[in-house]
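Asker: Input structure: target17.cif, which contains mmCIF, C-alpha atoms and all ligand atoms.
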```
data_my_file
#
loop_
_atom_site.label_atom_id
_atom_site.label_comp_id
_atom_site.auth_asym_id
_atom_site.auth_seq_id
_atom_site.Cartn_x
_atom_site.Cartn_y
_atom_site.Cartn_z
CA MET A 1 -7.55 5.61 -16.93
CA ARG A 2 -8.76 2.10 -17.53
CA ILE A 3 -6.69 2.24 -20.70
CA TRP A 4 -3.42 2.46 -18.75
CA ALA A 5 -4.31 -0.51 -16.54
CA LYS A 6 -5.28 -2.51 -19.60
CA ALA A 7 -2.15 -1.46 -21.48
CA CYS A 8 -0.01 -2.73 -18.59
CA TRP A 9 -1.96 -5.94 -18.58
CA ILE A 10 -1.43 -6.43 -22.31
CA MET A 11 2.25 -5.42 -22.20
CA SER A 12 2.92 -7.94 -19.46
CA SER A 13 0.70 -10.67 -20.84
CA ASP A 14 2.10 -13.85 -22.23
CA PRO A 15 -0.44 -16.36 -23.44
CA GLY A 16 1.99 -19.13 -22.48
CA ASP A 17 1.75 -18.47 -18.74
CA SER A 18 -1.10 -16.21 -17.83
CA THR A 19 -0.97 -16.76 -14.05
CA THR A 20 2.54 -15.38 -13.60
CA THR A 21 2.49 -12.65 -16.22
CA LYS A 22 -0.79 -10.89 -15.43
CA PRO A 23 -0.50 -8.06 -12.90
CA LEU A 24 -0.55 -9.31 -9.33
CA LEU A 25 -3.30 -6.80 -8.57
CA ALA A 26 -5.74 -5.13 -10.94
CA LEU A 27 -8.68 -2.86 -10.19
CA ASP A 28 -11.07 -2.28 -13.02
CA GLY A 29 -13.78 0.40 -12.91
CA VAL A 30 -14.08 0.35 -9.10
CA TYR A 31 -16.79 2.45 -7.45
CA THR A 32 -16.84 2.52 -3.63
CA ASN A 33 -19.26 4.25 -1.27
CA TYR A 34 -19.45 5.00 2.41
CA GLY A 35 -23.21 4.60 2.91
CA LYS A 36 -24.83 6.71 0.24
CA ILE A 37 -21.76 8.84 -0.34
CA ARG A 38 -19.80 7.83 -3.40
CA ILE A 39 -16.05 8.09 -2.81
CA LEU A 40 -14.28 6.17 -5.60
CA ARG A 41 -15.39 6.63 -9.18
CA ASP A 42 -14.27 4.32 -11.96
CA VAL A 43 -10.87 3.60 -10.43
CA SER A 44 -8.66 1.31 -12.51
CA MET A 45 -5.07 0.52 -11.63
CA SER A 46 -2.63 -2.34 -11.46
CA VAL A 47 0.45 -3.53 -9.59
CA GLY A 48 2.78 -5.92 -11.39
CA ARG A 49 4.88 -8.61 -9.72
CA GLY A 50 7.91 -7.02 -8.10
CA GLU A 51 6.61 -3.56 -8.88
CA VAL A 52 6.37 -0.60 -6.50
CA VAL A 53 3.42 1.60 -7.40
CA ALA A 54 2.77 4.95 -5.73
CA LEU A 55 -0.80 6.04 -5.10
CA LEU A 56 -0.72 9.79 -4.56
CA GLY A 57 -3.26 12.46 -3.85
CA LEU A 58 -4.23 15.13 -1.38
CA ASN A 59 -5.87 14.43 1.95
CA GLY A 60 -9.38 13.11 1.28
CA ALA A 61 -8.67 12.08 -2.34
CA GLY A 62 -9.68 8.46 -1.66
CA LYS A 63 -6.29 6.72 -1.21
CA THR A 64 -7.18 4.84 1.99
CA THR A 65 -10.59 3.99 0.55
CA THR A 66 -8.81 2.41 -2.43
CA LEU A 67 -6.76 0.22 -0.08
CA ARG A 68 -9.91 -0.67 1.89
CA SER A 69 -11.62 -1.62 -1.38
CA ILE A 70 -8.73 -3.92 -2.30
CA LEU A 71 -8.68 -5.50 1.16
CA GLY A 72 -12.43 -6.12 1.27
CA LEU A 73 -12.81 -3.83 4.31
CA THR A 74 -15.11 -1.54 2.30
CA PRO A 75 -16.14 -3.68 -0.68
CA PRO A 76 -16.68 -1.91 -4.01
CA ARG A 77 -20.26 -1.25 -5.18
CA ALA A 78 -19.22 -1.83 -8.79
CA GLY A 79 -16.15 -2.87 -10.74
CA THR A 80 -13.71 -5.69 -10.03
CA VAL A 81 -10.64 -6.33 -7.92
CA ARG A 82 -8.42 -9.15 -9.20
CA TYR A 83 -5.55 -10.50 -7.18
CA ASP A 84 -3.20 -13.22 -8.34
CA GLY A 85 -5.67 -14.73 -10.78
CA HIS A 86 -8.69 -14.53 -8.42
CA ASP A 87 -11.65 -12.20 -8.73
CA VAL A 88 -11.71 -11.19 -5.05
CA THR A 89 -14.43 -8.53 -5.37
CA GLY A 90 -16.80 -8.89 -2.44
CA TRP A 91 -14.63 -11.47 -0.65
CA PRO A 92 -14.35 -11.05 3.12
CA ALA A 93 -11.16 -9.33 4.26
CA TYR A 94 -9.72 -12.37 6.08
CA LYS A 95 -9.87 -14.44 2.87
CA ILE A 96 -8.12 -11.74 0.85
CA ALA A 97 -5.44 -11.43 3.55
CA ARG A 98 -4.94 -15.21 3.44
CA LEU A 99 -4.13 -14.98 -0.26
CA GLY A 100 -1.08 -12.94 0.72
CA VAL A 101 -2.10 -9.29 0.91
CA GLY A 102 -0.33 -7.49 3.77
CA TYR A 103 -1.54 -4.18 5.16
CA VAL A 104 0.44 -1.46 6.92
CA PRO A 105 -2.43 0.80 7.96
CA GLU A 106 -2.46 4.55 8.26
CA GLY A 107 -1.72 5.49 11.87
CA ARG A 108 -0.02 2.08 12.36
CA ARG A 109 -2.88 0.68 14.49
CA MET A 110 -1.48 -1.91 16.85
CA PHE A 111 -2.17 -3.49 20.22
CA LYS A 112 -0.72 -0.77 22.41
CA ASP A 113 -0.70 -2.85 25.62
CA LEU A 114 1.19 -5.68 23.94
CA SER A 115 4.93 -5.72 23.47
CA THR A 116 6.71 -5.43 20.14
CA LEU A 117 7.33 -9.18 20.17
CA GLU A 118 3.72 -9.99 21.10
CA ASN A 119 2.41 -7.81 18.26
CA LEU A 120 4.62 -9.75 15.84
CA GLN A 121 3.60 -13.11 17.32
CA LEU A 122 -0.09 -12.25 16.83
CA ALA A 123 0.50 -11.47 13.18
CA GLU A 124 2.84 -14.35 12.38
CA ASN A 125 1.57 -16.64 9.70
CA ALA A 126 1.11 -20.13 11.07
CA ARG A 127 1.85 -21.54 7.60
CA GLY A 128 5.35 -20.09 7.82
CA GLY A 129 7.32 -18.57 4.97
CA GLU A 130 10.55 -16.68 4.40
CA TRP A 131 9.64 -13.90 6.87
CA THR A 132 9.93 -15.17 10.42
CA ILE A 133 10.09 -12.95 13.51
CA ALA A 134 13.83 -13.74 13.71
CA ARG A 135 14.31 -12.49 10.15
CA VAL A 136 12.34 -9.30 10.86
CA PHE A 137 14.61 -8.69 13.89
CA GLU A 138 17.65 -9.28 11.67
CA HIS A 139 16.46 -6.69 9.13
CA LEU A 140 15.09 -4.28 11.72
CA PRO A 141 17.52 -4.63 14.67
CA LYS A 142 15.90 -1.69 16.42
CA LEU A 143 12.75 -3.78 16.84
CA ASN A 144 14.81 -6.54 18.44
CA GLU A 145 16.16 -4.04 20.97
CA LEU A 146 12.57 -2.99 21.69
CA ARG A 147 11.08 -6.51 21.68
CA GLY A 148 9.87 -6.26 25.30
CA ARG A 149 8.55 -2.71 25.14
CA LYS A 150 4.80 -2.08 24.95
CA SER A 151 4.05 -0.83 21.46
CA GLY A 152 2.09 2.11 22.89
CA ARG A 153 5.40 3.37 24.29
CA LEU A 154 7.28 3.23 20.98
CA SER A 155 8.00 6.40 19.01
CA GLY A 156 6.11 7.05 15.76
CA GLY A 157 9.02 5.77 13.66
CA GLU A 158 9.44 2.66 15.80
CA GLN A 159 5.71 1.99 15.51
CA GLU A 160 5.91 2.35 11.73
CA MET A 161 8.72 -0.21 11.64
CA LEU A 162 6.69 -2.54 13.84
CA ALA A 163 3.69 -2.08 11.53
CA ILE A 164 5.89 -3.05 8.56
CA GLY A 165 7.39 -6.00 10.47
CA ARG A 166 3.92 -7.15 11.46
CA ALA A 167 2.80 -7.12 7.82
CA LEU A 168 5.96 -8.99 6.76
CA VAL A 169 5.53 -11.92 9.19
CA SER A 170 2.25 -12.71 7.46
CA ASN A 171 4.47 -13.37 4.40
CA PRO A 172 2.52 -11.24 1.94
CA ARG A 173 3.13 -11.20 -1.80
CA LEU A 174 1.62 -7.74 -2.00
CA LEU A 175 2.12 -5.06 0.62
CA LEU A 176 -0.33 -2.18 0.89
CA VAL A 177 1.39 0.62 2.80
CA ASP A 178 -0.66 3.65 3.85
CA GLU A 179 1.17 6.93 4.53
CA PRO A 180 4.31 5.51 6.16
CA SER A 181 5.90 8.96 6.52
CA GLN A 182 2.92 10.57 8.24
CA GLY A 183 3.89 12.41 11.41
CA LEU A 184 7.54 11.29 11.33
CA GLY A 185 10.68 13.45 11.42
CA PRO A 186 12.91 13.48 8.31
CA LEU A 187 15.58 11.13 9.70
CA ILE A 188 13.05 8.50 10.72
CA VAL A 189 11.33 8.85 7.34
CA GLU A 190 14.69 8.00 5.73
CA ASP A 191 14.90 4.85 7.88
CA VAL A 192 11.41 3.75 6.93
CA TYR A 193 12.06 4.36 3.23
CA ARG A 194 15.36 2.48 3.45
CA ILE A 195 13.36 -0.56 4.59
CA LEU A 196 10.83 -0.12 1.78
CA THR A 197 13.72 0.17 -0.71
CA GLU A 198 15.21 -3.10 0.60
CA LEU A 199 11.84 -4.79 0.19
CA LYS A 200 11.69 -3.53 -3.37
CA LYS A 201 15.18 -4.88 -4.08
CA THR A 202 14.16 -8.30 -2.81
CA GLY A 203 11.27 -8.41 -5.28
CA HIS A 204 8.32 -7.46 -3.08
CA SER A 205 5.29 -5.89 -4.74
CA ILE A 206 4.16 -2.73 -2.99
CA LEU A 207 1.27 -0.32 -3.40
CA LEU A 208 2.53 2.75 -1.57
CA VAL A 209 0.09 5.46 -0.54
CA GLU A 210 1.63 8.86 0.17
CA GLN A 211 0.72 12.52 0.37
CA ASN A 212 4.42 13.26 0.10
CA ALA A 213 4.69 12.72 -3.66
CA LEU A 214 8.42 13.23 -4.15
CA LEU A 215 9.28 10.79 -1.40
CA ALA A 216 7.17 7.97 -2.83
CA LEU A 217 8.26 8.71 -6.41
CA ARG A 218 11.86 8.08 -5.39
CA ILE A 219 11.22 4.37 -4.95
CA ALA A 220 8.17 3.79 -7.16
CA ASP A 221 8.23 2.37 -10.70
CA ARG A 222 4.86 3.83 -11.63
CA ALA A 223 2.41 6.25 -10.05
CA TYR A 224 -1.28 7.03 -9.99
CA VAL A 225 -2.74 10.28 -8.72
CA LEU A 226 -6.23 10.36 -7.25
CA ASP A 227 -8.39 13.47 -6.99
CA SER A 228 -11.91 13.36 -5.56
CA GLY A 229 -12.01 9.59 -5.98
CA ARG A 230 -10.92 9.56 -9.62
CA VAL A 231 -7.60 8.62 -11.19
CA VAL A 232 -6.42 11.87 -12.77
CA HIS A 233 -2.92 10.74 -13.75
CA SER A 234 -1.01 7.51 -14.31
CA GLY A 235 2.44 6.87 -15.70
CA PRO A 236 6.09 6.16 -14.93
CA ALA A 237 7.23 7.51 -11.55
CA ALA A 238 10.45 9.00 -12.93
CA GLU A 239 8.51 11.03 -15.49
CA LEU A 240 6.24 12.53 -12.85
CA ALA A 241 9.14 13.14 -10.42
CA ALA A 242 10.92 15.14 -13.11
CA ASP A 243 7.90 17.36 -13.74
CA GLN A 244 7.27 19.31 -10.54
CA ASN A 245 4.85 21.65 -12.28
CA ARG A 246 2.72 18.66 -13.15
CA ILE A 247 2.82 17.45 -9.55
CA ARG A 248 1.84 20.93 -8.40
CA THR A 249 -1.09 20.98 -10.81
CA LEU A 250 -2.19 17.50 -9.78
CA MET A 251 -1.64 17.82 -6.06
CA GLY A 252 -1.88 21.50 -5.27
CA LEU A 253 0.99 23.02 -3.36
CA GLU A 254 1.58 20.20 -0.89
CA ILE A 255 5.02 19.35 -2.18
CA LYS A 256 7.57 18.42 0.43
CA VAL A 257 11.11 17.91 -0.75
N1 LIG B 1 -15.86 5.90 7.28
C1 LIG B 1 -16.17 6.93 6.50
N2 LIG B 1 -17.45 7.37 6.37
C2 LIG B 1 -17.76 8.40 5.56
N3 LIG B 1 -16.86 9.07 4.79
C3 LIG B 1 -15.59 8.69 4.88
C4 LIG B 1 -15.16 7.61 5.73
N4 LIG B 1 -13.81 7.48 5.60
C5 LIG B 1 -13.42 8.42 4.72
N5 LIG B 1 -14.48 9.15 4.29
C6 LIG B 1 -14.44 10.24 3.31
O1 LIG B 1 -14.01 9.68 2.08
C7 LIG B 1 -13.15 10.57 1.39
C8 LIG B 1 -11.86 9.86 1.04
O2 LIG B 1 -11.21 9.51 2.26
P1 LIG B 1 -9.86 8.68 2.29
O3 LIG B 1 -9.97 7.51 1.39
O4 LIG B 1 -9.57 8.41 3.72
O5 LIG B 1 -8.85 9.74 1.67
P2 LIG B 1 -7.26 9.80 1.73
O6 LIG B 1 -6.76 8.49 2.27
O7 LIG B 1 -6.84 10.04 0.31
O8 LIG B 1 -6.91 10.96 2.61
C9 LIG B 1 -12.98 11.78 2.28
O9 LIG B 1 -13.85 12.78 1.84
C10 LIG B 1 -13.39 11.27 3.64
O10 LIG B 1 -13.93 12.31 4.42
MG MG B 2 -5.67 8.11 3.99
#
```
Would you mind writing the structure in this file as structure tokens?
Ligand SMILES: Nc1ncnc2c1ncn2[C@@H]1O[C@H](COP(=O)(O)OP(=O)(O)O)[C@@H](O)[C@H]1O
Ligand SMILES: [Mg+2]

Answerer:
Amino acid sequence: MRIWAKACWIMSSDPGDSTTTKPLLALDGVYTNYGKIRILRDVSMSVGRGEVVALLGLNGAGKTTTLRSILGLTPPRAGTVRYDGHDVTGWPAYKIARLGVGYVPEGRRMFKDLSTLENLQLAENARGGEWTIARVFEHLPKLNELRGRKSGRLSGGEQEMLAIGRALVSNPRLLLVDEPSQGLGPLIVEDVYRILTELKKTGHSILLVEQNALLALRIADRAYVLDSGRVVHSGPAAELAADQNRIRTLMGLEIKV
């Protein structure tokens, strides 16, 4: 699987300007443990600038652990994580976040006793940038309506939007989004994916973790599939979306259309 990551690197490389043409994010041979238990094994993948990459796999495959490895929350035991020209392997999470990596965590974790607005204010990047709270409210008017409501009283879909808004006000160049459709009804899932599609159109780079393969493949450019901590498939998203038998083989029967 390292070959695919390297191929992407080579395809996008231009010796004239290596900082802008190398992938924004590249994992190479990453091994990550929880204590003595090895979870990720030789994981290599990349996300190019402006690219949406789906990271698929069944429950327990190691998707969240991959995001935690990138973010420095569970640092890899071996291998490297490169982000925007920096080898960030082993860096503390706050430093990696400061480089412009935004995180929309699984389960949306937020300060439930704080209002929508207060959650956004806590996350807002003091250095500023194109995403201000006003701009988030413009793009997600529902959040503006709910600005005074405690986030613990928002619905699952509203919380997911707040989690995305909160990541955006830190003005990330790369967004790591973990299972945005989890626990949401189909209409709300459409809303959340509409926002992700808009972010894609405006050139944001996204690593999108999903169990719902077909949903993520609709907006992704490329996809990786993890199984038991290993990358078992990588390639163009459209190719995988068109081959449901392959998805079934890779991900068992958990296909939701
Ligand atoms: N904090 C932890 N301590 C020990 N094992 C963990 C921990 N978090 C996750 N795991 C285990 O690591 C494996 C991968 O988990 P995870 O990355 O959360 O998978 P996914 O996000 O694909 O569902 C699972 O077997 C899970 O039980
Ligand atoms: Mg997970």

Asker: Of the candidates A:Asp113, A:Glu158, A:Glu51, A:Glu210, which one gets nearest to ligand MG 2 (chain B) if we count only C-alpha atoms and all ligand atoms?

Answerer: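 Nearest candidate to ligand MG 2 (chain B) out of A:Asp113, A:Glu158, A:Glu51, A:Glu210: A:Glu210.
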
Asker: Go through the chains and note each residue within 10 Å of ligand MG 2 (chain B), using only C-alpha atoms and all ligand atoms, then give the set as a list in words.

Answerer: Gly57, Leu58, Asn59, Gly60, Ala61, Gly62, Lys63, Thr64, Thr65, Thr66, Leu67, Arg68, Pro105, Glu106, Gly107, Asp178, Glu179, Gln182, Val209, Glu210 and Gln211 of chain A

Asker: May I have the residues within 10 Å of region 89-92 of chain A as a PyMOL selection string, using only C-alpha atoms and disregarding those fewer than 3 positions away in the same chain?

Answerer: chain A and resi 27+30+69-83+86+95-97

Asker: Neighbours of Val232 (chain A) within 10 Å (all atoms listed in the file; same-chain residues fewer than 2 positions away dropped), as a list in words?

Answerer: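 Here the answer would be Met1, Val43, Gly57, Tyr224, Val225, Leu226, Asp227, Ser228, Gly229, Arg230, Ser234 and Leu250 of chain A.
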
Asker: From the list A:Met45, A:Ala163, A:Leu217, A:Leu208, which residue is nearest ligand LIG 1 (chain B) when using only C-alpha atoms and all ligand atoms?

Answerer: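 Looking only at the distances to ligand LIG 1 (chain B), the closest residue turns out to be A:Leu208.
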
Asker: Using all atoms listed in the file for the distances, tell me which of A:Met110, A:Ile37, A:Leu143, A:Ile188 is nearest to ligand LIG 1 (chain B).

Answerer: A:Ile37

Asker: Counting all atoms listed in the file, select every polymer residue within 10 Å of (4.5, 2.1, 25.9) as defined in the file's coordinates, and provide the selection as JSON, numbers by chain.

Answerer: {"A": [112, 113, 114, 115, 116, 148, 149, 150, 151, 152, 153, 154, 155]}

Asker: Nearest to ligand LIG 1 (chain B) among A:Arg222, A:His204, A:Arg38, A:Arg108, with distances taken over all atoms listed in the file: which residue is it?

Answerer: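 Looking only at the distances to ligand LIG 1 (chain B), the closest residue turns out to be A:Arg38.
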
Asker: Could you work out how far CA of Arg135 (chain A) lies from CA of Gly50 (chain A), giving the answer in Å with one decimal?

Answerer: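 So the two atoms, CA of Gly50 (chain A) and CA of Arg135 (chain A), lie 20.1 Å apart.
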
Asker: Pick the closest to ligand LIG 1 (chain B) from A:Leu199, A:Leu120, A:Leu56, A:Leu162: which is it, counting all atoms listed in the file?

Answerer: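 Looking at the shortest contact to ligand LIG 1 (chain B), the residue is A:Leu56.
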
Asker: Using only C-alpha atoms and all ligand atoms, which of the listed residues (A:Leu122, A:Asn212, A:Arg109, A:Gly235) sits closest to ligand LIG 1 (chain B)?

Answerer: A:Asn212
